[in-house]
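Structure file run.cif (mmCIF, C-alpha atoms) is printed below.
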```
data_coords
#
loop_
_atom_site.label_atom_id
_atom_site.label_comp_id
_atom_site.auth_asym_id
_atom_site.auth_seq_id
_atom_site.Cartn_x
_atom_site.Cartn_y
_atom_site.Cartn_z
CA MET A 1 110.48 145.75 107.94
CA LYS A 2 111.84 142.47 106.72
CA ARG A 3 112.39 139.47 108.92
CA ASN A 4 114.49 136.62 107.74
CA LEU A 5 112.26 133.73 108.73
CA LEU A 6 113.69 130.77 106.87
CA ARG A 7 117.21 129.66 106.10
CA THR A 8 116.55 126.09 105.10
CA LEU A 9 117.26 124.43 101.81
CA ILE A 10 114.30 122.57 100.31
CA MET A 11 114.56 120.65 97.09
CA ALA A 12 111.27 119.49 95.55
CA VAL A 13 111.51 117.38 92.45
CA VAL A 14 108.26 116.79 90.59
CA ALA A 15 107.77 113.33 89.15
CA VAL A 16 104.85 111.28 87.89
CA GLY A 17 103.14 108.61 89.95
CA LEU A 18 99.77 107.82 91.41
CA VAL A 19 97.87 109.04 94.44
CA SER A 20 95.16 106.48 94.93
CA ALA A 21 91.56 107.46 95.42
CA ALA A 22 89.36 106.63 98.36
CA HIS A 23 85.71 105.76 98.63
CA ALA A 24 83.07 106.44 101.24
CA PHE A 25 82.87 102.72 102.11
CA GLU A 26 83.93 102.52 105.75
CA GLY A 27 84.43 98.76 106.03
CA LYS A 28 84.41 96.43 109.00
CA THR A 29 86.76 94.50 111.27
CA VAL A 30 85.73 91.22 112.88
CA THR A 31 87.63 90.70 116.14
CA PHE A 32 85.42 87.79 117.32
CA ASP A 33 84.42 89.66 120.47
CA ASN A 34 80.85 89.34 119.14
CA GLY A 35 81.02 85.83 117.75
CA GLU A 36 81.85 84.62 114.25
CA GLU A 37 79.68 87.27 112.54
CA GLY A 38 78.90 85.05 109.58
CA TRP A 39 82.27 83.28 109.23
CA TYR A 40 82.09 79.49 109.11
CA ALA A 41 84.68 76.70 108.75
CA GLY A 42 82.47 73.80 107.66
CA PRO A 43 82.98 70.51 109.49
CA ASP A 44 85.96 71.70 111.54
CA CYS A 45 85.79 72.09 115.31
CA GLN A 46 85.34 75.84 115.81
CA THR A 47 85.93 77.71 119.07
CA ILE A 48 86.20 81.35 120.12
CA PHE A 49 88.71 82.04 122.89
CA PRO A 50 88.62 85.27 124.96
CA GLU A 51 92.39 85.60 125.39
CA GLY A 52 95.51 85.01 123.32
CA GLY A 53 94.39 86.77 120.13
CA ASN A 54 96.01 89.72 118.41
CA PRO A 55 94.92 90.96 120.92
CA GLY A 56 92.03 89.61 122.99
CA TYR A 57 89.44 87.30 121.44
CA TYR A 58 90.28 85.02 118.51
CA TRP A 59 88.69 82.23 116.48
CA ASN A 60 90.18 78.74 116.28
CA PHE A 61 89.24 75.96 113.91
CA ALA A 62 90.86 72.54 113.59
CA SER A 63 90.41 69.44 111.42
CA ARG A 64 89.00 67.26 114.15
CA GLU A 65 85.82 66.39 115.94
CA CYS A 66 85.50 68.61 119.01
CA ASP A 67 86.83 66.70 122.05
CA SER A 68 87.62 63.79 119.76
CA SER A 69 90.07 62.47 117.19
CA TRP A 70 91.75 64.33 114.33
CA VAL A 71 90.41 63.99 110.78
CA VAL A 72 92.64 64.33 107.71
CA ARG A 73 91.44 66.75 105.03
CA TYR A 74 92.51 67.95 101.58
CA TRP A 75 92.86 71.55 102.78
CA PHE A 76 91.26 74.05 105.10
CA LEU A 77 88.50 76.42 104.06
CA PHE A 78 86.36 79.05 105.78
CA TRP A 79 83.93 81.52 104.26
CA ASN A 80 81.30 84.21 104.66
CA ASP A 81 78.19 84.40 102.52
CA SER A 82 75.98 86.63 104.67
CA ASP A 83 77.84 89.77 105.83
CA PRO A 84 77.30 92.64 103.33
CA ALA A 85 80.65 94.15 104.28
CA PHE A 86 82.47 91.19 102.73
CA ILE A 87 80.13 90.24 99.88
CA GLY A 88 78.03 92.11 97.33
CA ASP A 89 79.09 94.63 94.70
CA TYR A 90 82.74 95.48 95.21
CA THR A 91 82.64 97.96 92.33
CA GLN A 92 80.42 100.08 94.59
CA LYS A 93 82.67 99.67 97.63
CA GLY A 94 85.50 101.29 95.68
CA PRO A 95 89.20 100.53 96.25
CA VAL A 96 89.49 98.33 99.33
CA ARG A 97 92.03 96.47 101.43
CA LEU A 98 91.30 93.09 103.03
CA SER A 99 93.44 91.77 105.85
CA ILE A 100 93.54 88.89 108.28
CA ASP A 101 95.79 87.80 111.17
CA VAL A 102 96.75 84.11 111.20
CA ASP A 103 98.56 82.03 113.82
CA VAL A 104 99.36 78.37 113.08
CA ASN A 105 99.17 75.75 115.83
CA ARG A 106 99.76 72.96 113.35
CA TYR A 107 99.58 72.28 109.62
CA ASP A 108 100.85 68.77 108.97
CA TYR A 109 101.08 66.28 106.13
CA ILE A 110 100.48 62.63 107.00
CA PRO A 111 101.98 60.59 104.11
CA TRP A 112 100.41 57.32 105.28
CA PRO A 113 98.42 56.14 108.30
CA GLY A 114 100.62 55.99 111.35
CA ALA A 115 103.41 58.04 109.79
CA ASP A 116 105.03 60.90 111.68
CA PRO A 117 103.43 64.24 110.77
CA ILE A 118 105.46 66.55 108.52
CA PRO A 119 105.01 70.31 109.12
CA VAL A 120 104.05 72.03 105.86
CA GLU A 121 102.77 75.50 106.80
CA GLN A 122 105.73 77.31 105.27
CA TRP A 123 105.10 75.56 101.95
CA ARG A 124 101.39 76.28 101.84
CA ASN A 125 99.85 79.64 100.96
CA LEU A 126 96.80 81.59 102.10
CA VAL A 127 94.34 82.22 99.26
CA PHE A 128 91.47 84.73 98.98
CA GLU A 129 88.67 83.69 96.62
CA PHE A 130 85.72 85.89 95.57
CA VAL A 131 82.86 83.67 94.37
CA ASP A 132 79.90 84.46 92.11
CA TYR A 133 77.28 81.69 91.87
CA ASP A 134 75.13 83.45 89.28
CA ASP A 135 75.09 82.34 85.62
CA PRO A 136 77.73 79.58 85.74
CA TYR A 137 79.41 78.89 82.42
CA VAL A 138 78.29 75.96 80.26
CA ASP A 139 80.86 74.66 77.77
CA PRO A 140 79.07 74.72 74.39
CA ASP A 141 81.14 71.78 73.10
CA THR A 142 80.92 69.37 76.04
CA GLY A 143 77.90 70.64 77.98
CA PHE A 144 79.99 70.67 81.16
CA THR A 145 78.80 73.24 83.71
CA TRP A 146 81.04 74.88 86.29
CA ASN A 147 79.41 75.37 89.67
CA TRP A 148 80.63 78.93 90.15
CA THR A 149 82.81 81.70 88.77
CA SER A 150 85.56 83.21 90.90
CA VAL A 151 88.74 85.24 91.04
CA LEU A 152 91.57 84.24 93.37
CA TYR A 153 94.62 85.86 94.92
CA VAL A 154 97.48 83.97 96.60
CA ALA A 155 98.48 86.15 99.58
CA GLY A 156 101.64 84.31 100.64
CA PRO A 157 102.94 81.50 102.87
CA PHE A 158 101.69 80.81 106.36
CA PRO A 159 103.89 81.68 109.33
CA ASP A 160 105.88 78.96 110.97
CA ARG A 161 104.05 77.60 114.03
CA THR A 162 106.75 79.11 116.25
CA GLU A 163 106.46 82.63 114.82
CA GLY A 164 103.09 83.71 116.20
CA TRP A 165 100.64 86.00 114.42
CA LYS A 166 101.14 87.07 110.80
CA THR A 167 99.05 89.70 109.01
CA PHE A 168 98.06 89.09 105.38
CA GLU A 169 96.81 91.99 103.24
CA ILE A 170 95.47 92.27 99.71
CA ASP A 171 94.65 95.54 97.98
CA ILE A 172 91.94 95.76 95.32
CA ALA A 173 92.79 99.09 93.75
CA ASP A 174 90.23 98.90 90.94
CA PRO A 175 87.33 96.44 91.38
CA SER A 176 85.94 97.71 88.06
CA ALA A 177 88.97 96.59 86.04
CA THR A 178 88.09 94.28 83.18
CA GLU A 179 91.50 92.55 83.06
CA LEU A 180 92.70 90.38 85.92
CA PRO A 181 95.14 92.41 88.04
CA GLU A 182 98.68 91.14 88.37
CA GLY A 183 98.90 88.14 90.68
CA TRP A 184 95.24 87.17 90.29
CA SER A 185 93.75 84.14 88.55
CA GLY A 186 90.27 83.09 87.49
CA TYR A 187 88.08 80.02 87.74
CA GLY A 188 84.85 78.93 86.12
CA GLY A 189 85.80 78.42 82.49
CA PRO A 190 87.83 76.00 80.34
CA GLU A 191 91.46 75.53 81.32
CA ASP A 192 94.21 77.17 79.33
CA PRO A 193 95.03 74.62 76.58
CA VAL A 194 98.79 75.17 76.97
CA THR A 195 99.37 75.71 80.69
CA PHE A 196 96.20 73.93 81.91
CA ALA A 197 95.70 76.79 84.37
CA SER A 198 92.17 77.60 85.44
CA GLN A 199 90.57 80.60 83.74
CA LEU A 200 87.52 82.81 83.83
CA PRO A 201 84.80 81.96 81.34
CA PRO A 202 85.31 83.70 77.99
CA ASP A 203 82.30 85.94 78.61
CA ARG A 204 83.25 87.09 82.15
CA THR A 205 85.72 89.70 83.42
CA PHE A 206 87.28 90.53 86.75
CA ALA A 207 84.78 93.38 87.16
CA ASP A 208 81.86 91.04 86.39
CA VAL A 209 82.81 88.78 89.28
CA MET A 210 83.58 91.62 91.69
CA ALA A 211 80.21 93.21 90.96
CA GLY A 212 78.39 90.15 92.29
CA VAL A 213 80.37 88.47 95.07
CA ASP A 214 78.10 85.93 96.74
CA GLU A 215 80.75 84.43 98.99
CA LEU A 216 84.23 85.31 100.22
CA ARG A 217 86.38 82.25 100.82
CA ILE A 218 89.76 82.06 102.53
CA HIS A 219 91.59 78.78 102.14
CA SER A 220 94.78 76.93 101.16
CA VAL A 221 93.75 75.67 97.71
CA GLU A 222 96.20 77.16 95.21
CA PRO A 223 95.13 77.24 91.56
CA GLY A 224 96.90 74.59 89.48
CA TYR A 225 97.69 72.21 92.36
CA PHE A 226 96.22 68.86 93.34
CA TYR A 227 95.98 67.68 96.95
CA SER A 228 95.62 64.32 98.67
CA ILE A 229 93.40 63.83 101.68
CA ALA A 230 96.34 63.75 104.08
CA PHE A 231 96.50 67.07 105.94
CA LEU A 232 95.76 68.12 109.51
CA HIS A 233 95.33 71.76 110.48
CA ASP A 234 94.79 73.82 113.64
CA MET A 235 94.50 77.55 112.91
CA ASN A 236 93.89 80.74 114.90
CA ILE A 237 92.23 83.70 113.16
CA ASP A 238 91.80 87.31 114.25
CA ASN A 239 91.04 90.79 112.86
CA LEU A 240 89.28 89.84 109.64
CA SER A 241 89.02 93.25 108.06
CA ILE A 242 87.84 95.10 104.98
CA THR A 243 88.54 98.82 104.78
CA ARG A 244 88.78 101.50 102.17
CA LEU A 245 92.16 101.40 100.43
CA PRO A 246 94.23 104.20 101.95
CA GLN A 247 95.36 107.02 99.74
CA THR A 248 99.12 107.06 99.39
CA CYS A 249 101.93 109.57 99.06
CA ASN A 250 105.42 108.38 98.13
CA GLY A 251 104.37 104.81 98.97
CA LEU A 252 103.12 105.78 102.43
CA ASP A 253 99.53 105.60 103.66
CA ALA A 254 98.17 109.15 103.85
CA THR A 255 97.18 110.49 107.25
CA VAL A 256 95.50 113.56 105.72
CA PHE A 257 93.46 113.21 102.51
CA VAL A 258 90.10 113.89 100.82
CA ASP A 259 87.69 111.03 100.11
CA GLU A 260 85.49 110.66 97.04
CA ASP A 261 82.62 112.37 98.85
CA GLY A 262 84.77 115.47 99.35
CA ILE A 263 85.32 114.97 103.09
CA VAL A 264 88.71 115.65 104.67
CA HIS A 265 90.25 112.90 106.78
CA GLY A 266 92.92 113.84 109.33
CA GLY A 267 94.58 117.10 110.19
CA LEU A 268 93.01 120.42 111.11
CA TYR A 269 89.87 119.96 108.97
CA ASP A 270 89.17 116.32 109.82
CA GLY A 271 85.55 115.42 109.04
CA GLN A 272 84.79 118.69 107.25
CA PRO A 273 83.94 119.26 103.57
CA TYR A 274 87.04 119.97 101.50
CA MET A 275 87.40 123.70 100.76
CA GLY A 276 90.75 123.64 98.96
CA GLU A 277 93.09 123.49 101.97
CA LEU A 278 94.73 120.55 103.74
CA HIS A 279 96.52 121.20 107.02
CA GLY A 280 98.65 118.73 108.92
CA THR A 281 99.41 118.53 112.60
CA ASP A 282 102.37 119.23 114.87
CA GLY A 283 103.35 115.58 114.44
CA ASP A 284 104.59 113.65 111.40
CA ASP A 285 102.03 113.79 108.55
CA VAL A 286 101.61 112.20 105.14
CA ILE A 287 99.33 114.52 103.17
CA ALA A 288 97.84 113.54 99.80
CA GLY A 289 96.27 116.35 97.78
CA THR A 290 93.68 116.16 95.03
CA PRO A 291 93.83 116.47 91.22
CA GLY A 292 92.59 120.05 91.58
CA ASP A 293 94.12 123.19 93.06
CA ASP A 294 95.27 122.55 96.63
CA THR A 295 96.84 124.56 99.40
CA ILE A 296 98.77 122.12 101.58
CA GLN A 297 100.44 123.00 104.87
CA GLY A 298 102.42 120.50 106.87
CA PHE A 299 103.05 122.48 110.09
CA GLY A 300 105.48 120.74 112.45
CA GLY A 301 106.96 117.29 112.31
CA ASP A 302 108.60 115.33 109.51
CA ASP A 303 105.94 115.60 106.79
CA VAL A 304 105.58 114.14 103.31
CA LEU A 305 103.30 116.23 101.07
CA CYS A 306 101.86 115.12 97.73
CA GLY A 307 99.98 117.57 95.55
CA TYR A 308 99.09 114.87 93.03
CA ASP A 309 101.18 112.28 91.19
CA GLY A 310 104.76 111.47 91.91
CA GLU A 311 107.31 110.56 94.53
CA VAL A 312 110.06 112.05 96.64
CA VAL A 313 113.51 112.19 95.07
CA ALA A 314 116.37 112.55 97.56
CA PRO A 315 114.77 115.09 99.92
CA PRO A 316 117.55 116.87 101.84
CA THR A 317 115.36 118.34 104.58
CA ARG A 318 112.73 117.27 107.07
CA GLN A 319 109.89 118.69 104.95
CA ARG A 320 109.39 117.00 101.60
CA VAL A 321 107.28 118.40 98.79
CA VAL A 322 106.18 115.68 96.41
CA ALA A 323 104.77 115.80 92.90
CA VAL A 324 102.81 119.00 92.88
CA THR A 325 100.72 119.75 89.81
CA ALA A 326 100.33 123.14 88.18
CA GLU A 327 98.54 125.75 90.28
CA ASP A 328 98.93 123.83 93.55
CA HIS A 329 100.09 126.11 96.38
CA VAL A 330 102.24 124.27 98.86
CA VAL A 331 103.24 125.55 102.26
CA THR A 332 105.76 123.09 103.68
CA GLY A 333 106.71 122.66 107.26
CA SER A 334 106.99 125.11 110.08
CA ALA A 335 108.72 128.48 110.38
CA VAL A 336 111.93 126.60 111.08
CA ASP A 337 112.17 124.51 107.98
CA GLY A 338 109.54 125.58 105.47
CA VAL A 339 109.26 127.41 102.18
CA VAL A 340 106.30 128.96 100.40
CA THR A 341 106.35 128.30 96.68
CA VAL A 342 104.28 127.37 93.65
CA VAL A 343 105.48 124.20 92.01
CA THR A 344 104.45 123.09 88.54
CA ALA A 345 105.06 119.87 86.65
CA GLN A 346 108.74 119.17 85.97
CA ASP A 347 109.92 122.15 88.07
CA VAL A 348 112.80 121.80 90.48
CA VAL A 349 112.61 124.23 93.40
CA ALA A 350 115.57 125.05 95.61
CA ALA A 351 115.20 127.82 98.18
CA GLU A 352 118.03 128.66 100.53
CA ALA A 353 116.21 131.48 102.29
CA LEU A 354 112.81 133.12 102.11
CA ASP A 355 112.09 136.56 103.50
CA ARG A 356 108.60 137.78 104.29
CA VAL A 357 107.58 141.40 104.86
#
```

Turn the structure described in the file into structure tokens.
Amino acid sequence: MKRNLLRTLIMAVVAVGLVSAAHAFEGKTVTFDNGEEGWYAGPDCQTIFPEGGNPGYYWNFASRECDSSWVVRYWFLFWNDSDPAFIGDYTQKGPVRLSIDVDVNRYDYIPWPGADPIPVEQWRNLVFEFVDYDDPYVDPDTGFTWNWTSVLYVAGPFPDRTEGWKTFEIDIADPSATELPEGWSGYGGPEDPVTFASQLPPDRTFADVMAGVDELRIHSVEPGYFYSIAFLHDMNIDNLSITRLPQTCNGLDATVFVDEDGIVHGGLYDGQPYMGELHGTDGDDVIAGTPGDDTIQGFGGDDVLCGYDGEVVAPPTRQRVVAVTAEDHVVTGSAVDGVVTVVTAQDVVAAEALDRV
């Protein structure tokens, strides 16, 4: 006896893209409930407050003597050189995401003593710098020695002091890359003779630095700029985090995926070794498959399913099959809006109805 189970149109268009990999590195988030945990802001007055963070505890540092007068500085700088979660060999951590929440109380420029302060936070940027102190470069022509080698990423402008907390994120998709990723710059070698921009030494690569990070700095010193000693700052910091870089499907962070150790994260088989099947939940899921043969089932909800490589193109239904490679078996959605099919590269699948015996 046949039962007409499905009368839903599903269009799956296979394209080429990238489903990012994950690594077993679990990461860490510093919320300041347990102190600074290795973070230090030099001569600034540093205080942890139990309320007002994002949420709860937060860390404040300001360019002044505690309970005393303000002190102008070139910039602000804080760092960690002791917590293994934030330093060490990033090529072994795998793809990671770093994030931080920042709230500005003040960031002012004082053009001359006694002048009215000029707010500058929206014109200054937050910078991440990964520092390697080993084997600094010596210029063979001049004998000049740089004190360290580093790679830097400008994460964007600070929030206005009236806006509250802002989250900054940077993704390091491939710490083993030899070339500097887009948006990154280097320090520790001779300047570019044309642009005068700082550069890595000629014998060092991005991967070399990331394999030996001795210190993670977060500051407002942008490469290529010069600063006068005329700035006052008062900053709140919360949720300093480093985590594995999430796998993605159609530009969305996957809620169900397999890590590099073969363990399933999310869905029906959460925490179990991968056995070829990924199952979603009754809610909305984003499921990223593997380069191998997968059976993927979304169940209920509005799901996005990636076999491997690609992106959604104009999905007309709630269940969206994305970029499925040859031999992947995809079961999309529930009995209301699903279709069982085998999709191969460059196939377009349209099913108006599917009967099962």

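The coordinates place CA of Trp184 (chain A) at 20.5 Å from CA of Asp134 (chain A).
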
Spell out the residues picked by the PyMOL selection byres ((chain A and resi 237-250) around 8) here, as an MDAnalysis selection string. chainID A and resid 19:32 53:54 57:60 85:86 93:103 171:173 235:236 251:254 257 286:288 304:306 310:312 322

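Each of A:Asp160, A:Asp132, A:Glu65, A:Asp116 was compared to Val209 (chain A) using all atoms listed in the file, and A:Asp132 turns out to be the nearest.
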
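CA of Asp174 (chain A) lies 29.5 Å from CA of Gly298 (chain A).
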
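CA of Asp33 (chain A) sits 8.5 Å away from CA of Ile48 (chain A).
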
Within 7 Å of Gly262 (chain A) using only C-alpha atoms, minus same-chain residues under 2 positions, as an NGL selection string: :A and (258-260 or 264 or 273-274)

Resolved residues for the PyMOL selection byres ((chain A and resi 77) around 8) as a PyMOL selection string: chain A and resi 41-42+75-76+78-79+217-220

Create the file for the chosen residues now, containing C-alpha atoms and written as a short mmCIF file (atom, residue, chain, number, x, y, z; two decimals), keeping the file's coordinate frame.
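Printed below is result-v1.cif as written:
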```
data_model
loop_
_atom_site.label_atom_id
_atom_site.label_comp_id
_atom_site.auth_asym_id
_atom_site.auth_seq_id
_atom_site.Cartn_x
_atom_site.Cartn_y
_atom_site.Cartn_z
CA ALA A 41 84.68 76.70 108.75
CA GLY A 42 82.47 73.80 107.66
CA TRP A 75 92.86 71.55 102.78
CA PHE A 76 91.26 74.05 105.10
CA PHE A 78 86.36 79.05 105.78
CA TRP A 79 83.93 81.52 104.26
CA ARG A 217 86.38 82.25 100.82
CA ILE A 218 89.76 82.06 102.53
CA HIS A 219 91.59 78.78 102.14
CA SER A 220 94.78 76.93 101.16
#
```

Ranking A:Ile263, A:Val154, A:Val72, A:Ile87 by minimum distance to Ala211 (chain A) and counting only C-alpha atoms, which one comes first? A:Ile87

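Under the PyMOL selection byres ((chain A and resi 121) around 6), the matching residues in the shown file are A:Tyr107, A:Val120, A:Gln122, A:Trp123, A:Arg124, A:Phe158.
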
Considering only C-alpha atoms, can you say which of A:Asn105, A:Tyr90, A:Gly38, A:Asp203 comes closest to His233 (chain A)? A:Asn105

Quick one: residues within 9 Å of Leu152 (chain A), all atoms listed in the file counted, chain neighbours fewer than 6 positions away excluded, as a PyMOL selection string? chain A and resi 127-131+183-187+222-223

Mind dumping the selected residues with C-alpha atoms as a PDB file, keeping the file's coordinate frame?
```pdb
ATOM      1  CA  VAL A 127      94.340  82.220  99.260  1.00  0.00           C
ATOM      2  CA  PHE A 128      91.470  84.730  98.980  1.00  0.00           C
ATOM      3  CA  GLU A 129      88.670  83.690  96.620  1.00  0.00           C
ATOM      4  CA  PHE A 130      85.720  85.890  95.570  1.00  0.00           C
ATOM      5  CA  VAL A 131      82.860  83.670  94.370  1.00  0.00           C
ATOM      6  CA  GLY A 183      98.900  88.140  90.680  1.00  0.00           C
ATOM      7  CA  TRP A 184      95.240  87.170  90.290  1.00  0.00           C
ATOM      8  CA  SER A 185      93.750  84.140  88.550  1.00  0.00           C
ATOM      9  CA  GLY A 186      90.270  83.090  87.490  1.00  0.00           C
ATOM     10  CA  TYR A 187      88.080  80.020  87.740  1.00  0.00           C
ATOM     11  CA  GLU A 222      96.200  77.160  95.210  1.00  0.00           C
ATOM     12  CA  PRO A 223      95.130  77.240  91.560  1.00  0.00           C
TER      13      PRO A 223
END
```

Final N, CA and C atoms of region 35-60 of chain A as an mmCIF file, in the coordinates of the input:
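Once written, out.cif looks like this:
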```cif
data_model
loop_
_atom_site.group_PDB
_atom_site.id
_atom_site.type_symbol
_atom_site.label_atom_id
_atom_site.label_comp_id
_atom_site.auth_asym_id
_atom_site.auth_seq_id
_atom_site.Cartn_x
_atom_site.Cartn_y
_atom_site.Cartn_z
ATOM 1 N N GLY A 35 81.295 87.071 118.464
ATOM 2 C CA GLY A 35 81.020 85.830 117.750
ATOM 3 C C GLY A 35 81.660 85.800 116.376
ATOM 4 N N GLU A 36 81.258 84.812 115.573
ATOM 5 C CA GLU A 36 81.850 84.620 114.250
ATOM 6 C C GLU A 36 81.390 85.640 113.224
ATOM 7 N N GLU A 37 80.228 86.251 113.424
ATOM 8 C CA GLU A 37 79.680 87.270 112.540
ATOM 9 C C GLU A 37 79.617 86.791 111.077
ATOM 10 N N GLY A 38 79.126 85.578 110.921
ATOM 11 C CA GLY A 38 78.900 85.050 109.580
ATOM 12 C C GLY A 38 80.026 84.193 109.025
ATOM 13 N N TRP A 39 81.165 84.110 109.704
ATOM 14 C CA TRP A 39 82.270 83.280 109.230
ATOM 15 C C TRP A 39 82.076 81.836 109.711
ATOM 16 N N TYR A 40 82.389 80.903 108.827
ATOM 17 C CA TYR A 40 82.090 79.490 109.110
ATOM 18 C C TYR A 40 83.184 78.633 108.498
ATOM 19 N N ALA A 41 83.594 77.581 109.208
ATOM 20 C CA ALA A 41 84.680 76.700 108.750
ATOM 21 C C ALA A 41 84.214 75.284 108.514
ATOM 22 N N GLY A 42 82.968 75.116 108.069
ATOM 23 C CA GLY A 42 82.470 73.800 107.660
ATOM 24 C C GLY A 42 82.486 72.788 108.779
ATOM 25 N N PRO A 43 83.038 71.592 108.495
ATOM 26 C CA PRO A 43 82.980 70.510 109.490
ATOM 27 C C PRO A 43 84.026 70.619 110.596
ATOM 28 N N ASP A 44 84.923 71.588 110.530
ATOM 29 C CA ASP A 44 85.960 71.700 111.540
ATOM 30 C C ASP A 44 85.385 72.022 112.912
ATOM 31 N N CYS A 45 86.124 71.658 113.951
ATOM 32 C CA CYS A 45 85.790 72.090 115.310
ATOM 33 C C CYS A 45 86.138 73.563 115.427
ATOM 34 N N GLN A 46 85.161 74.391 115.804
ATOM 35 C CA GLN A 46 85.340 75.840 115.810
ATOM 36 C C GLN A 46 85.065 76.386 117.208
ATOM 37 N N THR A 47 86.019 77.198 117.710
ATOM 38 C CA THR A 47 85.930 77.710 119.070
ATOM 39 C C THR A 47 86.423 79.150 119.106
ATOM 40 N N ILE A 48 85.734 79.997 119.864
ATOM 41 C CA ILE A 48 86.200 81.350 120.120
ATOM 42 C C ILE A 48 86.785 81.415 121.518
ATOM 43 N N PHE A 49 88.028 81.915 121.607
ATOM 44 C CA PHE A 49 88.710 82.040 122.890
ATOM 45 C C PHE A 49 88.809 83.525 123.267
ATOM 46 N N PRO A 50 88.633 83.861 124.552
ATOM 47 C CA PRO A 50 88.620 85.270 124.960
ATOM 48 C C PRO A 50 90.004 85.884 125.130
ATOM 49 N N GLU A 51 91.047 85.080 125.184
ATOM 50 C CA GLU A 51 92.390 85.600 125.390
ATOM 51 C C GLU A 51 93.372 84.887 124.469
ATOM 52 N N GLY A 52 94.467 85.600 124.141
ATOM 53 C CA GLY A 52 95.510 85.010 123.320
ATOM 54 C C GLY A 52 95.473 85.445 121.870
ATOM 55 N N GLY A 53 94.477 86.294 121.514
ATOM 56 C CA GLY A 53 94.390 86.770 120.130
ATOM 57 C C GLY A 53 95.368 87.878 119.861
ATOM 58 N N ASN A 54 95.066 88.670 118.834
ATOM 59 C CA ASN A 54 96.010 89.720 118.410
ATOM 60 C C ASN A 54 95.379 91.115 118.434
ATOM 61 N N PRO A 55 94.924 91.612 119.595
ATOM 62 C CA PRO A 55 94.920 90.960 120.920
ATOM 63 C C PRO A 55 93.530 90.417 121.242
ATOM 64 N N GLY A 56 93.356 89.979 122.469
ATOM 65 C CA GLY A 56 92.030 89.610 122.990
ATOM 66 C C GLY A 56 91.452 88.360 122.352
ATOM 67 N N TYR A 57 90.165 88.441 121.995
ATOM 68 C CA TYR A 57 89.440 87.300 121.440
ATOM 69 C C TYR A 57 90.050 86.857 120.108
ATOM 70 N N TYR A 58 89.911 85.548 119.829
ATOM 71 C CA TYR A 58 90.280 85.020 118.510
ATOM 72 C C TYR A 58 89.462 83.771 118.224
ATOM 73 N N TRP A 59 89.466 83.382 116.961
ATOM 74 C CA TRP A 59 88.690 82.230 116.480
ATOM 75 C C TRP A 59 89.651 81.112 116.119
ATOM 76 N N ASN A 60 89.380 79.916 116.616
ATOM 77 C CA ASN A 60 90.180 78.740 116.280
ATOM 78 C C ASN A 60 89.326 77.718 115.554
#
```
